[in-house]
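Student: Got a structure for you, questions after.
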Amino acid sequence: MKKYQIILTGLMCTALYARAQHLPLDSVLARVAANPALQAYDAKASAQDAYADGAKSLDAPKISAGQYQVPYQVNPNGGAFMIQAEQMFTNPAKLKAKQDYMKGLSNITREDKNYLKNQLVAQARQYYYERVVLEKKLVQLQNTQNLLEYMLKDANIRLTYGKEKLPNIYKAKADLFELDNTRDQLNNEISQRNIMLNTLMNRAQQTAFTVDTNIVLKDYETNITDTAMLTGTRSDIKGINRNIELQQLNSQMEYAKRKPDFGIQAAHMQSYGGYANQYILMGSVTIPIVPWASKEYRANLKGIRFEVEELQQKKLEILNQARGQLAGYRTDMSSKKRQLKNYQLNIIPALQNTYKTSLQAYEQNTGDLASVLDGIKSLQMARIAALDRLQELLTLQVAYEREYEKY
């Protein structure tokens, strides 16, 4: 009964994945753009652009009305009732510099978005490759199970004729049950990667999909670090460049404070006691170059120069660290490829020969089942270890592409 339940469960899982959507890596990466964190940056940049549109607005006019120079009498015969209006006109150069500065803020936000997108794409690549390798491990597990089931069936036949020992039968069964635990763990890890990928794609976390198990290994270990390409592709470096440009716009805004503002004042006075009506019409101009007024923007300009120098040094630091990281990744990838090649060309074939030799001896009644089981287990462990090296190599490849922002 239990056997039929297992078969039914397997058929249901097969039917579920048969209906599941197939998503190659490119499709997954394209869907990462729907991540809410990236859309939040779009909204923030749009808000900053909207704020910049209002940066050239003038101050509101001021209107006042009331008694002007009226004596304290019940029936005054002097003074007037005055209506007055004032308007200050900020220097257009100041308004233009302020608007340019505020527009520069959204450029930094867009580079911040690109930086986060690169991190999310790298995560998606990593989870996708992990899912692929896990499925390859499941295939190896199934191959091992087929071998064990064949050996167990043959051993049971031999047992009936007294040509096999019962402890060896139990050991074969234990190895089969151990595969069940390993398979359950692998399926759990696949489900975890599915949830992580669906989260990055902003989809329902339990949505089932299949992946493309064909993996392309890049020959990055033969590359040479291109500093110019790093500067042109990395969004964090471009973000620093946008920050430097913003500081330059900030300095222009501070320098524009040297320019005067203008104002106009107009008033009408309705005189009491029969005196003639009067008016006021005056213009005003600020004098920002006087020492006590210019001290602030001069200090700000000096501070901005130091901030630009800090950003330049920070950019050099990032480039230096990136060159070191890329050199380390290339060295590590070269080592992992040699190890993987050693598994494929030497270790696994040798263990296959060991298994075949022990199986041949067992079939000729010159060997025992325990040696065959040990050969199967060693072969499985070597194949899984080779896939572990493949995963490590893919992880290095993702890290290398993240440094160059190859998305």
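Just remember, in the structure tokens the first chain shown is A, the second B, etc., residues are 1-based per chain, and ligands are 1-based in the order shown.
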At a cut-off of 12 Å, using only C-alpha atoms, what residues contact Leu316 in chain A? Leave out same-chain residues fewer than 4 positions from it and give the result as a count of residues only.
Tutor: 15
Student: Give the helix (DSSP H, G or I) residues of range 189-247 of chain A, as DSSP finds them on the backbone, and put them as number ranges by chain.
Tutor: A: 189-200, 220-222, 227-233, 235-247
Student: Between A:Ala93, A:Ala55, A:Met229, A:Leu148, which is the closest to Glu254 in chain A once you count only C-alpha atoms?
Tutor: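 The closest residue to Glu254 in chain A is A:Ala93.
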Student: Could you work out how far CA of Gln397 in chain A lies from CA of Thr222 in chain A, giving the answer in Å with one decimal?
Tutor: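 We find that CA of Thr222 in chain A and CA of Gln397 in chain A lie 12.7 Å from each other.
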Student: Hey, which bits of range 32-104 of chain A sit within 12 Å of range 200-218 of chain A, and for each residue what's the closest pair of atoms and how far apart in Å (one decimal), counting only C-alpha atoms, rows by chain and increasing number, as JSON lines?
Tutor:
{"residue": "A:Val32", "atom": "CA", "partner": "A:Met201", "partner_atom": "CA", "distance": 4.6}
{"residue": "A:Ala33", "atom": "CA", "partner": "A:Met201", "partner_atom": "CA", "distance": 7.4}
{"residue": "A:Ala34", "atom": "CA", "partner": "A:Met201", "partner_atom": "CA", "distance": 6.1}
{"residue": "A:Asn35", "atom": "CA", "partner": "A:Asn202", "partner_atom": "CA", "distance": 5.3}
{"residue": "A:Pro36", "atom": "CA", "partner": "A:Asn202", "partner_atom": "CA", "distance": 7.2}
{"residue": "A:Ala37", "atom": "CA", "partner": "A:Leu200", "partner_atom": "CA", "distance": 9.6}
{"residue": "A:Leu38", "atom": "CA", "partner": "A:Leu200", "partner_atom": "CA", "distance": 10.5}
{"residue": "A:Gln39", "atom": "CA", "partner": "A:Asn202", "partner_atom": "CA", "distance": 11.0}
Student: When DSSP is applied to the backbone of this structure, which of range 184-349 of chain A are assigned strand (DSSP E)? Write them out as a PDB file with C-alpha atoms, in the first residue's frame.
Tutor:
ATOM      1  CA  PHE A 209       8.540  26.356 -12.871  1.00  0.00           C
ATOM      2  CA  THR A 210      11.230  24.348 -14.636  1.00  0.00           C
ATOM      3  CA  VAL A 211      14.743  25.518 -15.445  1.00  0.00           C
ATOM      4  CA  PHE A 262      15.984  92.393  -6.579  1.00  0.00           C
ATOM      5  CA  GLY A 263      12.748  93.589  -5.071  1.00  0.00           C
ATOM      6  CA  ILE A 264       9.999  96.135  -5.675  1.00  0.00           C
ATOM      7  CA  GLN A 265       7.697  97.825  -3.188  1.00  0.00           C
ATOM      8  CA  ALA A 266       4.571  99.846  -4.067  1.00  0.00           C
ATOM      9  CA  ALA A 267       2.096 101.525  -1.710  1.00  0.00           C
ATOM     10  CA  HIS A 268      -0.872 103.894  -1.870  1.00  0.00           C
ATOM     11  CA  MET A 269      -1.806 106.159   1.062  1.00  0.00           C
ATOM     12  CA  GLN A 270      -5.291 107.632   1.404  1.00  0.00           C
ATOM     13  CA  SER A 271      -4.589 110.702   3.550  1.00  0.00           C
ATOM     14  CA  GLN A 278       0.587 109.833  -1.482  1.00  0.00           C
ATOM     15  CA  TYR A 279       2.324 106.767  -2.893  1.00  0.00           C
ATOM     16  CA  ILE A 280       5.502 104.789  -2.438  1.00  0.00           C
ATOM     17  CA  LEU A 281       7.398 103.090  -5.280  1.00  0.00           C
ATOM     18  CA  MET A 282      10.786 101.680  -4.359  1.00  0.00           C
ATOM     19  CA  GLY A 283      13.205  99.125  -5.704  1.00  0.00           C
ATOM     20  CA  SER A 284      15.672  97.094  -3.613  1.00  0.00           C
ATOM     21  CA  VAL A 285      18.785  95.050  -4.269  1.00  0.00           C
TER      22      VAL A 285
END
Student: Work out how far CA of Arg383 in chain A is from CA of Asp175 in chain A, in Å to one decimal.
Tutor: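 Atom-to-atom, CA of Asp175 in chain A to CA of Arg383 in chain A, that is 16.4 Å.
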Student: Tell me, in Å to one decimal, how far CA of Pro291 in chain A is from CA of Pro260 in chain A.
Tutor: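 Going from CA of Pro291 in chain A over to CA of Pro260 in chain A covers 14.3 Å.
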Student: Would you write out, as a tab-separated table, a table of all residues in range 187-242 of chain A that have an atom no more than 8 Å from an atom of range 330-352 of chain A, listing for each the closest atom pair and the distance in Å to one decimal, considering only C-alpha atoms and ordering rows by chain and rising residue number?
Tutor:
residue	atom	partner	partner_atom	distance
A:Tyr220	CA	A:Arg330	CA	6.4
A:Glu221	CA	A:Arg330	CA	4.2
A:Thr222	CA	A:Arg330	CA	7.4
A:Asn223	CA	A:Arg330	CA	7.9
Student: Return the single residue from A:Gly239, A:Gly54, A:Pro61, A:Gly66 that is closest to Tyr115 in chain A, with distances computed using only C-alpha atoms.
Tutor: A:Gly239
Student: List the neighbours of Asn181 in chain A out to 12 Å using only C-alpha atoms; skip same-chain residues closer than 6 positions along the sequence, and give me the result as a ChimeraX atom specification.
Tutor: /A:138,141,174-175,187-188
Student: Excluding Gly78 in chain A and residues on its chain fewer than 5 positions from it, collect all residues at most 12 Å away from it, counting only C-alpha atoms, and give them as a ChimeraX atom specification.
Tutor: /A:67-73,269-277
Student: Please produce, as JSON lines, a per-residue contact table for range 94-159 of chain A versus range 360-363 of chain A (criterion: any atom at most 12 Å away, only C-alpha atoms considered), showing the nearest atom pair and its distance in Å to one decimal, sorted by chain then residue number.
Tutor:
{"residue": "A:Met151", "atom": "CA", "partner": "A:Tyr362", "partner_atom": "CA", "distance": 10.1}
{"residue": "A:Asp154", "atom": "CA", "partner": "A:Glu363", "partner_atom": "CA", "distance": 9.5}
{"residue": "A:Ala155", "atom": "CA", "partner": "A:Tyr362", "partner_atom": "CA", "distance": 10.1}
{"residue": "A:Arg158", "atom": "CA", "partner": "A:Glu363", "partner_atom": "CA", "distance": 10.4}
Student: Write the residues of the selection above to a file with N, CA and C atoms, as a PDB file, in the first residue's frame.
Tutor:
ATOM      1  N   MET A 151      21.160  -4.344  -7.655  1.00  0.00           N
ATOM      2  CA  MET A 151      21.995  -5.203  -6.823  1.00  0.00           C
ATOM      3  C   MET A 151      21.168  -5.887  -5.732  1.00  0.00           C
ATOM      4  N   ASP A 154      19.226  -8.736  -7.277  1.00  0.00           N
ATOM      5  CA  ASP A 154      20.115  -9.863  -7.554  1.00  0.00           C
ATOM      6  C   ASP A 154      20.528 -10.551  -6.261  1.00  0.00           C
ATOM      7  N   ALA A 155      20.773  -9.754  -5.214  1.00  0.00           N
ATOM      8  CA  ALA A 155      21.197 -10.331  -3.934  1.00  0.00           C
ATOM      9  C   ALA A 155      20.096 -11.171  -3.317  1.00  0.00           C
ATOM     10  N   ARG A 158      20.115 -14.462  -4.961  1.00  0.00           N
ATOM     11  CA  ARG A 158      21.241 -15.253  -4.476  1.00  0.00           C
ATOM     12  C   ARG A 158      20.994 -15.773  -3.054  1.00  0.00           C
TER      13      ARG A 158
END
Student: Given only C-alpha atoms as the basis, pick out the residue of A:Glu296, A:Asp388, A:Glu401, A:Asp374 nearest to Lys171 in chain A.
Tutor: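 Of all the options, A:Asp374 lies closest to Lys171 in chain A.
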Student: Show which residues sit within 12 Å of Gln145 in chain A, as a CSV table (one decimal) with N, CA and C atoms, in the first residue's frame. Count only C-alpha atoms, and ignore same-chain residues fewer than 3 positions away.
Tutor:
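After the write, result.csv holds the following:
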chain,number,residue,atom,x,y,z
A,138,LEU,N,20.0,15.3,-8.3
A,138,LEU,CA,18.9,14.4,-8.2
A,138,LEU,C,19.0,13.3,-9.3
A,139,VAL,N,19.5,13.7,-10.5
A,139,VAL,CA,19.7,12.7,-11.6
A,139,VAL,C,20.7,11.7,-11.1
A,140,GLN,N,21.8,12.1,-10.6
A,140,GLN,CA,22.9,11.2,-10.1
A,140,GLN,C,22.3,10.3,-9.0
A,141,LEU,N,21.4,10.8,-8.1
A,141,LEU,CA,20.8,10.1,-7.1
A,141,LEU,C,20.0,9.0,-7.7
A,142,GLN,N,19.2,9.3,-8.7
A,142,GLN,CA,18.4,8.3,-9.4
A,142,GLN,C,19.2,7.2,-10.0
A,148,LEU,N,21.5,0.4,-7.0
A,148,LEU,CA,21.3,-0.3,-5.7
A,148,LEU,C,20.1,-1.3,-5.9
A,149,GLU,N,19.0,-0.8,-6.5
A,149,GLU,CA,17.8,-1.7,-6.7
A,149,GLU,C,18.2,-2.9,-7.5
A,150,TYR,N,19.0,-2.8,-8.5
A,150,TYR,CA,19.4,-3.9,-9.3
A,150,TYR,C,20.2,-4.9,-8.4
A,151,MET,N,21.2,-4.3,-7.7
A,151,MET,CA,22.0,-5.2,-6.8
A,151,MET,C,21.2,-5.9,-5.7
A,152,LEU,N,20.2,-5.2,-5.2
A,152,LEU,CA,19.4,-5.7,-4.1
A,152,LEU,C,18.5,-6.9,-4.7
A,172,ALA,N,22.4,-3.0,1.8
A,172,ALA,CA,21.9,-2.5,0.6
A,172,ALA,C,20.6,-1.7,0.8
A,173,LYS,N,19.7,-2.3,1.6
A,173,LYS,CA,18.5,-1.6,2.0
A,173,LYS,C,18.7,-0.3,2.7
A,174,ALA,N,19.7,-0.3,3.6
A,174,ALA,CA,20.0,0.9,4.4
A,174,ALA,C,20.5,2.0,3.4
A,175,ASP,N,21.4,1.6,2.4
A,175,ASP,CA,21.8,2.6,1.5
A,175,ASP,C,20.7,3.2,0.6
A,176,LEU,N,19.7,2.3,0.3
A,176,LEU,CA,18.5,2.8,-0.4
A,176,LEU,C,17.7,3.8,0.4
A,177,PHE,N,17.5,3.5,1.7
A,177,PHE,CA,16.8,4.4,2.6
A,177,PHE,C,17.5,5.7,2.8
A,178,GLU,N,18.9,5.6,2.8
A,178,GLU,CA,19.7,6.8,3.0
A,178,GLU,C,19.5,7.7,1.8
A,179,LEU,N,19.3,7.1,0.6
A,179,LEU,CA,19.1,7.9,-0.6
A,179,LEU,C,17.8,8.7,-0.5
A,180,ASP,N,16.8,8.1,0.2
A,180,ASP,CA,15.5,8.8,0.4
A,180,ASP,C,15.7,10.1,1.2
A,182,THR,N,18.5,11.8,1.4
A,182,THR,CA,19.3,12.7,0.6
A,182,THR,C,18.4,13.4,-0.5
A,183,ARG,N,17.5,12.6,-1.1
A,183,ARG,CA,16.5,13.1,-2.1
A,183,ARG,C,15.6,14.1,-1.4
A,373,LEU,N,28.7,-2.5,-3.1
A,373,LEU,CA,28.0,-1.4,-2.5
A,373,LEU,C,29.0,-0.3,-2.2
A,376,ILE,N,29.7,1.5,-5.4
A,376,ILE,CA,28.5,2.4,-5.8
A,376,ILE,C,28.5,3.6,-5.0
A,377,LYS,N,28.8,3.5,-3.7
A,377,LYS,CA,28.7,4.7,-2.8
A,377,LYS,C,29.9,5.6,-3.1
A,380,GLN,N,29.1,7.5,-6.3
A,380,GLN,CA,28.1,8.5,-6.1
A,380,GLN,C,28.8,9.7,-5.4
Student: Name the residues in contact with Ala399 in chain A at a cut-off of 10 Å, using only C-alpha atoms, excluding same-chain residues fewer than 6 positions from it; report them as a ChimeraX atom specification.
Tutor: /A:119,122-123,125-126,325-326,329,393,405
